[in-house]
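Q: File start_1.pdb below, PDB, C-alpha atoms:
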```pdb
ATOM      1  CA  MET A   1      98.044 108.248 134.704  1.00  0.00           C
ATOM      2  CA  PHE A   2     101.096 107.020 132.833  1.00  0.00           C
ATOM      3  CA  SER A   3     103.069 103.784 132.924  1.00  0.00           C
ATOM      4  CA  TYR A   4     106.258 103.897 134.975  1.00  0.00           C
ATOM      5  CA  PHE A   5     108.709 101.533 136.607  1.00  0.00           C
ATOM      6  CA  GLY A   6     107.705 100.915 140.223  1.00  0.00           C
ATOM      7  CA  THR A   7     104.122 102.107 139.828  1.00  0.00           C
ATOM      8  CA  LYS A   8     101.760 101.115 142.607  1.00  0.00           C
ATOM      9  CA  SER A   9      98.716 100.638 140.359  1.00  0.00           C
ATOM     10  CA  LYS A  10      98.127  97.032 141.488  1.00  0.00           C
ATOM     11  CA  LEU A  11      99.072  97.664 145.110  1.00  0.00           C
ATOM     12  CA  VAL A  12      97.540 101.020 145.945  1.00  0.00           C
ATOM     13  CA  ASN A  13      94.493  99.569 147.712  1.00  0.00           C
ATOM     14  CA  TYR A  14      96.694  97.605 150.111  1.00  0.00           C
ATOM     15  CA  TYR A  15      98.327 100.687 151.611  1.00  0.00           C
ATOM     16  CA  PRO A  16      96.710 102.528 154.538  1.00  0.00           C
ATOM     17  CA  GLU A  17      94.212 105.179 153.506  1.00  0.00           C
ATOM     18  CA  PRO A  18      95.295 108.788 154.063  1.00  0.00           C
ATOM     19  CA  LYS A  19      94.339 110.250 157.427  1.00  0.00           C
ATOM     20  CA  TYR A  20      95.008 113.846 156.447  1.00  0.00           C
ATOM     21  CA  PRO A  21      93.509 116.177 153.839  1.00  0.00           C
ATOM     22  CA  ARG A  22      96.985 116.749 152.414  1.00  0.00           C
ATOM     23  CA  ILE A  23      99.054 114.086 150.632  1.00  0.00           C
ATOM     24  CA  ILE A  24     102.730 114.645 149.873  1.00  0.00           C
ATOM     25  CA  GLU A  25     104.686 112.314 147.586  1.00  0.00           C
ATOM     26  CA  PRO A  26     108.389 113.247 147.857  1.00  0.00           C
ATOM     27  CA  PHE A  27     109.340 110.755 145.103  1.00  0.00           C
ATOM     28  CA  ALA A  28     106.450 111.429 142.757  1.00  0.00           C
ATOM     29  CA  GLY A  29     107.019 109.009 139.874  1.00  0.00           C
ATOM     30  CA  SER A  30     103.581 108.180 138.508  1.00  0.00           C
ATOM     31  CA  ALA A  31     101.961 109.265 141.824  1.00  0.00           C
ATOM     32  CA  ARG A  32      99.553 106.343 141.858  1.00  0.00           C
ATOM     33  CA  TYR A  33      98.775 106.669 145.572  1.00  0.00           C
ATOM     34  CA  ALA A  34      97.875 110.350 145.288  1.00  0.00           C
ATOM     35  CA  LEU A  35      95.787 109.619 142.198  1.00  0.00           C
ATOM     36  CA  ALA A  36      93.654 107.206 144.210  1.00  0.00           C
ATOM     37  CA  TYR A  37      92.755 110.139 146.485  1.00  0.00           C
ATOM     38  CA  ALA A  38      93.008 112.907 143.914  1.00  0.00           C
ATOM     39  CA  ASP A  39      90.459 115.151 145.637  1.00  0.00           C
ATOM     40  CA  ARG A  40      92.897 115.716 148.531  1.00  0.00           C
ATOM     41  CA  GLN A  41      95.387 118.563 148.586  1.00  0.00           C
ATOM     42  CA  VAL A  42      98.304 116.941 146.752  1.00  0.00           C
ATOM     43  CA  THR A  43     101.937 118.039 146.548  1.00  0.00           C
ATOM     44  CA  LEU A  44     104.325 116.096 144.329  1.00  0.00           C
ATOM     45  CA  ILE A  45     108.093 116.450 144.674  1.00  0.00           C
ATOM     46  CA  GLU A  46     110.222 115.066 141.854  1.00  0.00           C
ATOM     47  CA  ARG A  47     113.951 115.325 141.144  1.00  0.00           C
ATOM     48  CA  ASP A  48     113.873 113.930 137.588  1.00  0.00           C
ATOM     49  CA  PRO A  49     113.208 116.935 135.309  1.00  0.00           C
ATOM     50  CA  ILE A  50     111.451 114.775 132.719  1.00  0.00           C
ATOM     51  CA  ILE A  51     108.946 113.320 135.206  1.00  0.00           C
ATOM     52  CA  TYR A  52     108.503 116.770 136.753  1.00  0.00           C
ATOM     53  CA  GLY A  53     107.832 118.219 133.293  1.00  0.00           C
ATOM     54  CA  ILE A  54     105.225 115.566 132.512  1.00  0.00           C
ATOM     55  CA  TRP A  55     103.325 116.312 135.728  1.00  0.00           C
ATOM     56  CA  LYS A  56     103.549 120.076 135.197  1.00  0.00           C
ATOM     57  CA  TYR A  57     102.159 119.608 131.695  1.00  0.00           C
ATOM     58  CA  LEU A  58      99.312 117.369 132.901  1.00  0.00           C
ATOM     59  CA  ILE A  59      98.373 119.644 135.808  1.00  0.00           C
ATOM     60  CA  GLU A  60      98.678 123.024 134.085  1.00  0.00           C
ATOM     61  CA  ASP A  61      98.651 122.722 130.302  1.00  0.00           C
ATOM     62  CA  CYS A  62      97.115 119.516 128.984  1.00  0.00           C
ATOM     63  CA  GLU A  63      93.696 119.863 127.338  1.00  0.00           C
ATOM     64  CA  GLU A  64      91.413 117.232 125.829  1.00  0.00           C
ATOM     65  CA  GLU A  65      92.014 118.571 122.323  1.00  0.00           C
ATOM     66  CA  HIS A  66      95.714 117.778 122.780  1.00  0.00           C
ATOM     67  CA  LEU A  67      94.828 114.115 123.169  1.00  0.00           C
ATOM     68  CA  ASP A  68      92.940 114.133 119.876  1.00  0.00           C
ATOM     69  CA  ARG A  69      96.108 114.899 117.935  1.00  0.00           C
ATOM     70  CA  TRP A  70      98.171 112.136 119.525  1.00  0.00           C
ATOM     71  CA  PRO A  71      98.926 109.452 116.941  1.00  0.00           C
ATOM     72  CA  GLU A  72      98.179 105.788 117.078  1.00  0.00           C
ATOM     73  CA  LEU A  73     101.490 103.973 116.712  1.00  0.00           C
ATOM     74  CA  ARG A  74     102.586 100.654 115.315  1.00  0.00           C
ATOM     75  CA  VAL A  75     105.647  98.533 115.962  1.00  0.00           C
ATOM     76  CA  GLY A  76     108.656 100.360 114.530  1.00  0.00           C
ATOM     77  CA  ASP A  77     107.116 103.857 114.642  1.00  0.00           C
ATOM     78  CA  ASP A  78     109.189 106.680 116.149  1.00  0.00           C
ATOM     79  CA  LEU A  79     107.587 109.570 118.048  1.00  0.00           C
ATOM     80  CA  ARG A  80     110.310 111.921 116.807  1.00  0.00           C
ATOM     81  CA  ASN A  81     108.867 111.587 113.312  1.00  0.00           C
ATOM     82  CA  VAL A  82     105.412 112.784 114.399  1.00  0.00           C
ATOM     83  CA  ARG A  83     104.770 116.441 113.626  1.00  0.00           C
ATOM     84  CA  GLY A  84     103.117 118.778 116.100  1.00  0.00           C
ATOM     85  CA  LEU A  85     104.046 117.065 119.359  1.00  0.00           C
ATOM     86  CA  SER A  86     105.652 119.109 122.112  1.00  0.00           C
ATOM     87  CA  THR A  87     108.657 117.767 123.997  1.00  0.00           C
ATOM     88  CA  MET A  88     106.488 117.041 127.036  1.00  0.00           C
ATOM     89  CA  GLU A  89     103.953 115.174 124.909  1.00  0.00           C
ATOM     90  CA  MET A  90     106.721 113.063 123.379  1.00  0.00           C
ATOM     91  CA  ASN A  91     108.120 112.302 126.835  1.00  0.00           C
ATOM     92  CA  LEU A  92     104.680 111.319 128.123  1.00  0.00           C
ATOM     93  CA  LEU A  93     103.893 109.131 125.124  1.00  0.00           C
ATOM     94  CA  GLY A  94     107.363 107.640 125.475  1.00  0.00           C
ATOM     95  CA  PHE A  95     106.268 105.920 128.675  1.00  0.00           C
ATOM     96  CA  ALA A  96     103.421 104.270 126.794  1.00  0.00           C
ATOM     97  CA  VAL A  97     105.921 103.203 124.120  1.00  0.00           C
ATOM     98  CA  ALA A  98     108.165 101.668 126.815  1.00  0.00           C
ATOM     99  CA  ARG A  99     105.496 100.498 129.225  1.00  0.00           C
ATOM    100  CA  GLY A 100     106.767 100.002 132.788  1.00  0.00           C
ATOM    101  CA  SER A 101     110.161 101.521 131.999  1.00  0.00           C
ATOM    102  CA  PRO A 102     112.017 103.973 134.257  1.00  0.00           C
ATOM    103  CA  LEU A 103     113.316 105.836 131.194  1.00  0.00           C
ATOM    104  CA  GLY A 104     110.712 105.768 128.433  1.00  0.00           C
ATOM    105  CA  ASN A 105     111.521 105.486 124.734  1.00  0.00           C
ATOM    106  CA  TYR A 106     110.604 107.139 121.444  1.00  0.00           C
ATOM    107  CA  THR A 107     110.451 104.044 119.247  1.00  0.00           C
ATOM    108  CA  VAL A 108     107.990 101.159 119.499  1.00  0.00           C
ATOM    109  CA  SER A 109     110.377  98.223 119.762  1.00  0.00           C
ATOM    110  CA  SER A 110     110.203  95.306 117.359  1.00  0.00           C
ATOM    111  CA  ARG A 111     110.037  93.165 120.516  1.00  0.00           C
ATOM    112  CA  ALA A 112     106.803  94.844 121.641  1.00  0.00           C
ATOM    113  CA  ASP A 113     103.601  92.844 121.928  1.00  0.00           C
ATOM    114  CA  GLU A 114     101.931  93.697 118.628  1.00  0.00           C
ATOM    115  CA  SER A 115      98.491  92.998 120.103  1.00  0.00           C
ATOM    116  CA  THR A 116      98.819  96.137 122.260  1.00  0.00           C
ATOM    117  CA  TRP A 117      99.572  98.317 119.239  1.00  0.00           C
ATOM    118  CA  LYS A 118      96.615  97.565 117.006  1.00  0.00           C
ATOM    119  CA  GLY A 119      92.849  97.436 117.330  1.00  0.00           C
ATOM    120  CA  SER A 120      90.690  99.706 119.501  1.00  0.00           C
ATOM    121  CA  ASN A 121      92.495  99.247 122.835  1.00  0.00           C
ATOM    122  CA  THR A 122      96.096 100.212 122.128  1.00  0.00           C
ATOM    123  CA  GLU A 123      98.651 101.490 124.621  1.00  0.00           C
ATOM    124  CA  ILE A 124      98.080 105.027 123.351  1.00  0.00           C
ATOM    125  CA  GLN A 125      94.305 104.720 123.609  1.00  0.00           C
ATOM    126  CA  ARG A 126      94.543 103.443 127.173  1.00  0.00           C
ATOM    127  CA  LEU A 127      96.805 106.362 128.069  1.00  0.00           C
ATOM    128  CA  LYS A 128      94.325 108.810 126.555  1.00  0.00           C
ATOM    129  CA  ASN A 129      91.448 107.231 128.470  1.00  0.00           C
ATOM    130  CA  ARG A 130      93.302 107.452 131.801  1.00  0.00           C
ATOM    131  CA  ILE A 131      94.164 111.084 131.214  1.00  0.00           C
ATOM    132  CA  ARG A 132      90.624 112.007 130.166  1.00  0.00           C
ATOM    133  CA  LYS A 133      89.285 110.333 133.294  1.00  0.00           C
ATOM    134  CA  ASN A 134      91.642 112.126 135.668  1.00  0.00           C
ATOM    135  CA  LEU A 135      92.589 115.428 134.049  1.00  0.00           C
ATOM    136  CA  GLU A 136      90.142 117.652 135.946  1.00  0.00           C
ATOM    137  CA  ARG A 137      90.755 115.735 139.184  1.00  0.00           C
ATOM    138  CA  ILE A 138      94.396 116.895 139.342  1.00  0.00           C
ATOM    139  CA  ARG A 139      94.096 120.564 138.325  1.00  0.00           C
ATOM    140  CA  HIS A 140      94.527 121.673 141.961  1.00  0.00           C
ATOM    141  CA  TRP A 141      97.701 119.611 142.493  1.00  0.00           C
ATOM    142  CA  ARG A 142     101.128 121.162 142.909  1.00  0.00           C
ATOM    143  CA  VAL A 143     104.419 119.736 141.611  1.00  0.00           C
ATOM    144  CA  ILE A 144     107.893 120.845 142.708  1.00  0.00           C
ATOM    145  CA  LEU A 145     111.207 120.133 140.956  1.00  0.00           C
ATOM    146  CA  ALA A 146     113.600 119.295 143.797  1.00  0.00           C
ATOM    147  CA  SER A 147     115.155 116.569 145.889  1.00  0.00           C
ATOM    148  CA  TYR A 148     112.942 115.403 148.758  1.00  0.00           C
ATOM    149  CA  ASN A 149     115.248 116.938 151.376  1.00  0.00           C
ATOM    150  CA  ARG A 150     115.529 120.309 149.657  1.00  0.00           C
ATOM    151  CA  VAL A 151     111.874 121.234 150.073  1.00  0.00           C
ATOM    152  CA  HIS A 152     111.042 122.761 153.442  1.00  0.00           C
ATOM    153  CA  ILE A 153     107.521 121.503 154.026  1.00  0.00           C
ATOM    154  CA  ASP A 154     107.111 120.660 157.695  1.00  0.00           C
ATOM    155  CA  VAL A 155     103.392 120.027 158.145  1.00  0.00           C
ATOM    156  CA  GLU A 156     101.073 117.308 159.349  1.00  0.00           C
ATOM    157  CA  ALA A 157     100.113 115.364 156.274  1.00  0.00           C
ATOM    158  CA  THR A 158      99.999 111.894 154.781  1.00  0.00           C
ATOM    159  CA  TRP A 159     103.495 111.339 153.416  1.00  0.00           C
ATOM    160  CA  PHE A 160     103.652 108.562 150.821  1.00  0.00           C
ATOM    161  CA  VAL A 161     107.356 107.871 150.374  1.00  0.00           C
ATOM    162  CA  ASP A 162     108.175 105.618 147.414  1.00  0.00           C
ATOM    163  CA  PRO A 163     111.913 106.115 146.752  1.00  0.00           C
ATOM    164  CA  PRO A 164     114.172 104.234 144.352  1.00  0.00           C
ATOM    165  CA  TYR A 165     114.485 100.865 146.044  1.00  0.00           C
ATOM    166  CA  GLN A 166     117.837  99.950 147.517  1.00  0.00           C
ATOM    167  CA  ARG A 167     118.372  96.963 145.213  1.00  0.00           C
ATOM    168  CA  THR A 168     116.628  98.033 142.000  1.00  0.00           C
ATOM    169  CA  GLY A 169     116.618 101.828 142.172  1.00  0.00           C
ATOM    170  CA  HIS A 170     119.756 102.179 140.033  1.00  0.00           C
ATOM    171  CA  ARG A 171     117.552 101.728 136.986  1.00  0.00           C
ATOM    172  CA  TYR A 172     116.033 105.197 137.376  1.00  0.00           C
ATOM    173  CA  ARG A 173     117.476 108.222 135.612  1.00  0.00           C
ATOM    174  CA  VAL A 174     117.959 109.918 138.995  1.00  0.00           C
ATOM    175  CA  SER A 175     118.639 107.307 141.641  1.00  0.00           C
ATOM    176  CA  LYS A 176     121.422 108.164 144.087  1.00  0.00           C
ATOM    177  CA  ILE A 177     120.033 107.957 147.634  1.00  0.00           C
ATOM    178  CA  ASP A 178     121.660 108.235 151.048  1.00  0.00           C
ATOM    179  CA  TYR A 179     119.379 105.769 152.831  1.00  0.00           C
ATOM    180  CA  ARG A 180     120.619 106.652 156.314  1.00  0.00           C
ATOM    181  CA  ARG A 181     119.671 110.234 155.682  1.00  0.00           C
ATOM    182  CA  LEU A 182     116.334 109.185 154.202  1.00  0.00           C
ATOM    183  CA  ASP A 183     115.693 107.031 157.308  1.00  0.00           C
ATOM    184  CA  ARG A 184     116.061 110.064 159.581  1.00  0.00           C
ATOM    185  CA  TRP A 185     114.001 112.251 157.272  1.00  0.00           C
ATOM    186  CA  CYS A 186     111.094 109.778 157.206  1.00  0.00           C
ATOM    187  CA  ARG A 187     111.051 109.459 160.991  1.00  0.00           C
ATOM    188  CA  GLU A 188     110.986 113.257 161.359  1.00  0.00           C
ATOM    189  CA  ARG A 189     107.878 113.822 159.209  1.00  0.00           C
ATOM    190  CA  GLN A 190     104.735 114.989 160.991  1.00  0.00           C
ATOM    191  CA  GLY A 191     101.483 113.091 160.659  1.00  0.00           C
ATOM    192  CA  GLN A 192     101.118 109.808 158.787  1.00  0.00           C
ATOM    193  CA  VAL A 193     104.122 108.317 157.020  1.00  0.00           C
ATOM    194  CA  ILE A 194     103.981 105.366 154.609  1.00  0.00           C
ATOM    195  CA  VAL A 195     107.311 104.183 153.196  1.00  0.00           C
ATOM    196  CA  CYS A 196     107.631 101.613 150.397  1.00  0.00           C
ATOM    197  CA  GLU A 197     110.510  99.217 149.794  1.00  0.00           C
ATOM    198  CA  ALA A 198     111.271  95.658 148.781  1.00  0.00           C
ATOM    199  CA  GLN A 199     111.388  92.930 151.373  1.00  0.00           C
ATOM    200  CA  GLY A 200     114.960  92.538 152.565  1.00  0.00           C
ATOM    201  CA  ALA A 201     115.720  96.270 152.795  1.00  0.00           C
ATOM    202  CA  ARG A 202     117.100  97.198 156.215  1.00  0.00           C
ATOM    203  CA  TRP A 203     117.399 100.999 156.285  1.00  0.00           C
ATOM    204  CA  LEU A 204     114.061 101.129 158.147  1.00  0.00           C
ATOM    205  CA  PRO A 205     112.405  98.291 160.103  1.00  0.00           C
ATOM    206  CA  PHE A 206     110.227  97.218 157.200  1.00  0.00           C
ATOM    207  CA  ARG A 207     107.592  94.524 157.373  1.00  0.00           C
ATOM    208  CA  ARG A 208     106.045  92.580 154.549  1.00  0.00           C
ATOM    209  CA  LEU A 209     103.117  94.293 152.855  1.00  0.00           C
ATOM    210  CA  ASP A 210     100.050  92.080 152.988  1.00  0.00           C
ATOM    211  CA  ALA A 211      98.976  92.447 149.366  1.00  0.00           C
ATOM    212  CA  GLY A 212      97.116  89.213 148.727  1.00  0.00           C
ATOM    213  CA  GLY A 213     100.036  87.650 146.877  1.00  0.00           C
ATOM    214  CA  ILE A 214     100.447  90.550 144.437  1.00  0.00           C
ATOM    215  CA  LYS A 215     104.066  91.473 143.849  1.00  0.00           C
ATOM    216  CA  GLY A 216     105.459  94.860 142.893  1.00  0.00           C
ATOM    217  CA  SER A 217     106.814  95.831 139.505  1.00  0.00           C
ATOM    218  CA  HIS A 218     110.388  96.142 140.795  1.00  0.00           C
ATOM    219  CA  ASN A 219     111.464  92.872 139.174  1.00  0.00           C
ATOM    220  CA  GLN A 220     108.376  91.272 140.726  1.00  0.00           C
ATOM    221  CA  CYS A 221     109.776  91.770 144.219  1.00  0.00           C
ATOM    222  CA  GLN A 222     107.853  91.174 147.414  1.00  0.00           C
ATOM    223  CA  GLU A 223     106.776  94.574 148.673  1.00  0.00           C
ATOM    224  CA  ALA A 224     107.539  95.811 152.194  1.00  0.00           C
ATOM    225  CA  ILE A 225     106.260  98.766 154.195  1.00  0.00           C
ATOM    226  CA  TRP A 226     107.138 100.967 157.171  1.00  0.00           C
ATOM    227  CA  THR A 227     104.534 103.244 158.709  1.00  0.00           C
ATOM    228  CA  LYS A 228     104.228 105.920 161.329  1.00  0.00           C
ATOM    229  CA  GLY A 229     101.029 107.439 162.640  1.00  0.00           C
ATOM    230  CA  CYS A 230      98.793 104.895 160.939  1.00  0.00           C
TER     231      CYS A 230
END
```
Take the structure from the file and write it as structure tokens.

A:
Amino acid sequence: MFSYFGTKSKLVNYYPEPKYPRIIEPFAGSARYALAYADRQVTLIERDPIIYGIWKYLIEDCEEEHLDRWPELRVGDDLRNVRGLSTMEMNLLGFAVARGSPLGNYTVSSRADESTWKGSNTEIQRLKNRIRKNLERIRHWRVILASYNRVHIDVEATWFVDPPYQRTGHRYRVSKIDYRRLDRWCRERQGQVIVCEAQGARWLPFRRLDAGGIKGSHNQCQEAIWTKGC
């Protein structure tokens, strides 16, 4: 629903479909896999309080009339100068301002593509359209603020595990990962497990994701995958 570094928006159809009625994303991010199957029972787990707050706002509090008050922005505009926006709204809009960023921003950079900030199809308008399309589809979702290994959910489910990648994950606000521990944790999950990484990672026996030549947004890396129960 919102732009984020590492999103799987172009790749989601190349991952195995969920076999279970419940989907759990222990590194939620923009939750693009869960969004593709939004009618399932979805649990998001997120350690970054800003990303957690955005999802909590979208699931529990966001209404269509909120979208109507969101401003159209131009290069150089600063969200902090817009009256009436909540902190969560500013954080959410900040990921449209800094499209594809792991951190977001409040100011539309002078280096931004001006064509995406004027006319009838701006970054803000596209964000509004995505939210309007999906808002009611996610009302039954649950989001938890925690590290993946601090939540005691031991059930058969489709686990879509998209952690900070070993080589590029340092760019996230919250990124420290013990990959040996994560390896064991992934193997111990019940049901179907889908783990994402970049080709070259060795903490699980990854194989190249057959994605028709499409590369991931992690510095345009070649995506890799490890699965269990697929």

Q: Pick the closest to Pro18 in chain A from A:Arg139, A:Arg32, A:Lys176, A:Arg40: which is it, counting all atoms listed in the file?

A: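 Closest candidate: A:Arg40.
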
Q: Within 10 Å of range 1-10 of chain A, counting all atoms listed in the file, which residues show up once you throw out same-chain ones fewer than 5 positions away? Write them as a count of residues only, please.

A: 53

Q: Can you turn the PyMOL selection byres ((chain A and resi 107) around 7) into a concrete residue list for this file, as a PyMOL selection string?

A: chain A and resi 76-79+97+105-106+108-109

Q: Need the shell around Thr43 in chain A: protein/DNA/RNA residues with any atom at most 9 Å away, counting all atoms listed in the file. Skip same-chain ones fewer than 6 positions apart. Format as a ChimeraX atom specification?

A: /A:22-26,28,34,141-144

Q: Kindly give the distance, in Å, that separates CA of Ser175 in chain A and CA of Leu204 in chain A, rounded to a single decimal.

A: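 Atom-to-atom, CA of Ser175 in chain A and CA of Leu204 in chain A are spaced 18.2 Å apart.
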
Q: (96.7, 99.7, 115.3) in this file's frame - what residues fall within 7 Å of it? Use only C-alpha atoms and give the answer as a PyMOL selection string.

A: chain A and resi 72-74+117-119+122

Q: Pick out the closest residue to Ala38 in chain A from this set: A:Gln192, A:Ile138, A:Glu60, A:Val12. Count all atoms listed in the file.

A: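 So, comparing all the options, the nearest one is A:Ile138.
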
Q: Could you expand the PyMOL selection byres ((chain A and resi 189) around 8) into the explicit residues it covers here, written as a CSV table (one decimal) with C-alpha atoms, in the coordinates of the input?

A:
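Now in selection-v6.csv:
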```
chain,number,residue,atom,x,y,z
A,154,ASP,CA,107.1,120.7,157.7
A,155,VAL,CA,103.4,120.0,158.1
A,156,GLU,CA,101.1,117.3,159.3
A,159,TRP,CA,103.5,111.3,153.4
A,185,TRP,CA,114.0,112.3,157.3
A,186,CYS,CA,111.1,109.8,157.2
A,187,ARG,CA,111.1,109.5,161.0
A,188,GLU,CA,111.0,113.3,161.4
A,190,GLN,CA,104.7,115.0,161.0
A,191,GLY,CA,101.5,113.1,160.7
A,192,GLN,CA,101.1,109.8,158.8
A,193,VAL,CA,104.1,108.3,157.0
```

Q: Would you output range 186-218 of chain A from that structure, restricted to C-alpha atoms, as a PDB file, in the first residue's frame?

A:
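The resulting file, part_12.pdb, is shown below:
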```pdb
ATOM      1  CA  CYS A 186      12.818 -20.427   9.872  1.00  0.00           C
ATOM      2  CA  ARG A 187      13.438 -24.174   9.833  1.00  0.00           C
ATOM      3  CA  GLU A 188      11.352 -24.601  12.999  1.00  0.00           C
ATOM      4  CA  ARG A 189       8.198 -22.926  11.639  1.00  0.00           C
ATOM      5  CA  GLN A 190       5.187 -25.155  11.026  1.00  0.00           C
ATOM      6  CA  GLY A 191       3.494 -25.264   7.648  1.00  0.00           C
ATOM      7  CA  GLN A 192       4.751 -23.417   4.578  1.00  0.00           C
ATOM      8  CA  VAL A 193       7.828 -21.218   4.846  1.00  0.00           C
ATOM      9  CA  ILE A 194       9.020 -18.811   2.140  1.00  0.00           C
ATOM     10  CA  VAL A 195      12.242 -16.920   2.867  1.00  0.00           C
ATOM     11  CA  CYS A 196      13.558 -14.067   0.705  1.00  0.00           C
ATOM     12  CA  GLU A 197      17.175 -13.025   0.225  1.00  0.00           C
ATOM     13  CA  ALA A 198      19.624 -11.863  -2.406  1.00  0.00           C
ATOM     14  CA  GLN A 199      21.544 -14.374  -4.452  1.00  0.00           C
ATOM     15  CA  GLY A 200      24.864 -15.038  -2.760  1.00  0.00           C
ATOM     16  CA  ALA A 201      23.478 -15.210   0.792  1.00  0.00           C
ATOM     17  CA  ARG A 202      24.547 -18.411   2.546  1.00  0.00           C
ATOM     18  CA  TRP A 203      22.722 -18.491   5.893  1.00  0.00           C
ATOM     19  CA  LEU A 204      20.127 -20.812   4.311  1.00  0.00           C
ATOM     20  CA  PRO A 205      20.560 -22.944   1.166  1.00  0.00           C
ATOM     21  CA  PHE A 206      18.977 -20.367  -1.109  1.00  0.00           C
ATOM     22  CA  ARG A 207      18.294 -20.877  -4.784  1.00  0.00           C
ATOM     23  CA  ARG A 208      17.721 -18.275  -7.439  1.00  0.00           C
ATOM     24  CA  LEU A 209      14.146 -17.042  -7.711  1.00  0.00           C
ATOM     25  CA  ASP A 210      12.838 -17.579 -11.220  1.00  0.00           C
ATOM     26  CA  ALA A 211      11.287 -14.154 -11.739  1.00  0.00           C
ATOM     27  CA  GLY A 212      11.439 -13.741 -15.497  1.00  0.00           C
ATOM     28  CA  GLY A 213      14.474 -11.471 -15.341  1.00  0.00           C
ATOM     29  CA  ILE A 214      12.917  -9.039 -12.854  1.00  0.00           C
ATOM     30  CA  LYS A 215      15.329  -7.953 -10.153  1.00  0.00           C
ATOM     31  CA  GLY A 216      14.505  -6.856  -6.625  1.00  0.00           C
ATOM     32  CA  SER A 217      14.663  -3.324  -5.301  1.00  0.00           C
ATOM     33  CA  HIS A 218      17.613  -4.093  -3.012  1.00  0.00           C
TER      34      HIS A 218
END
```
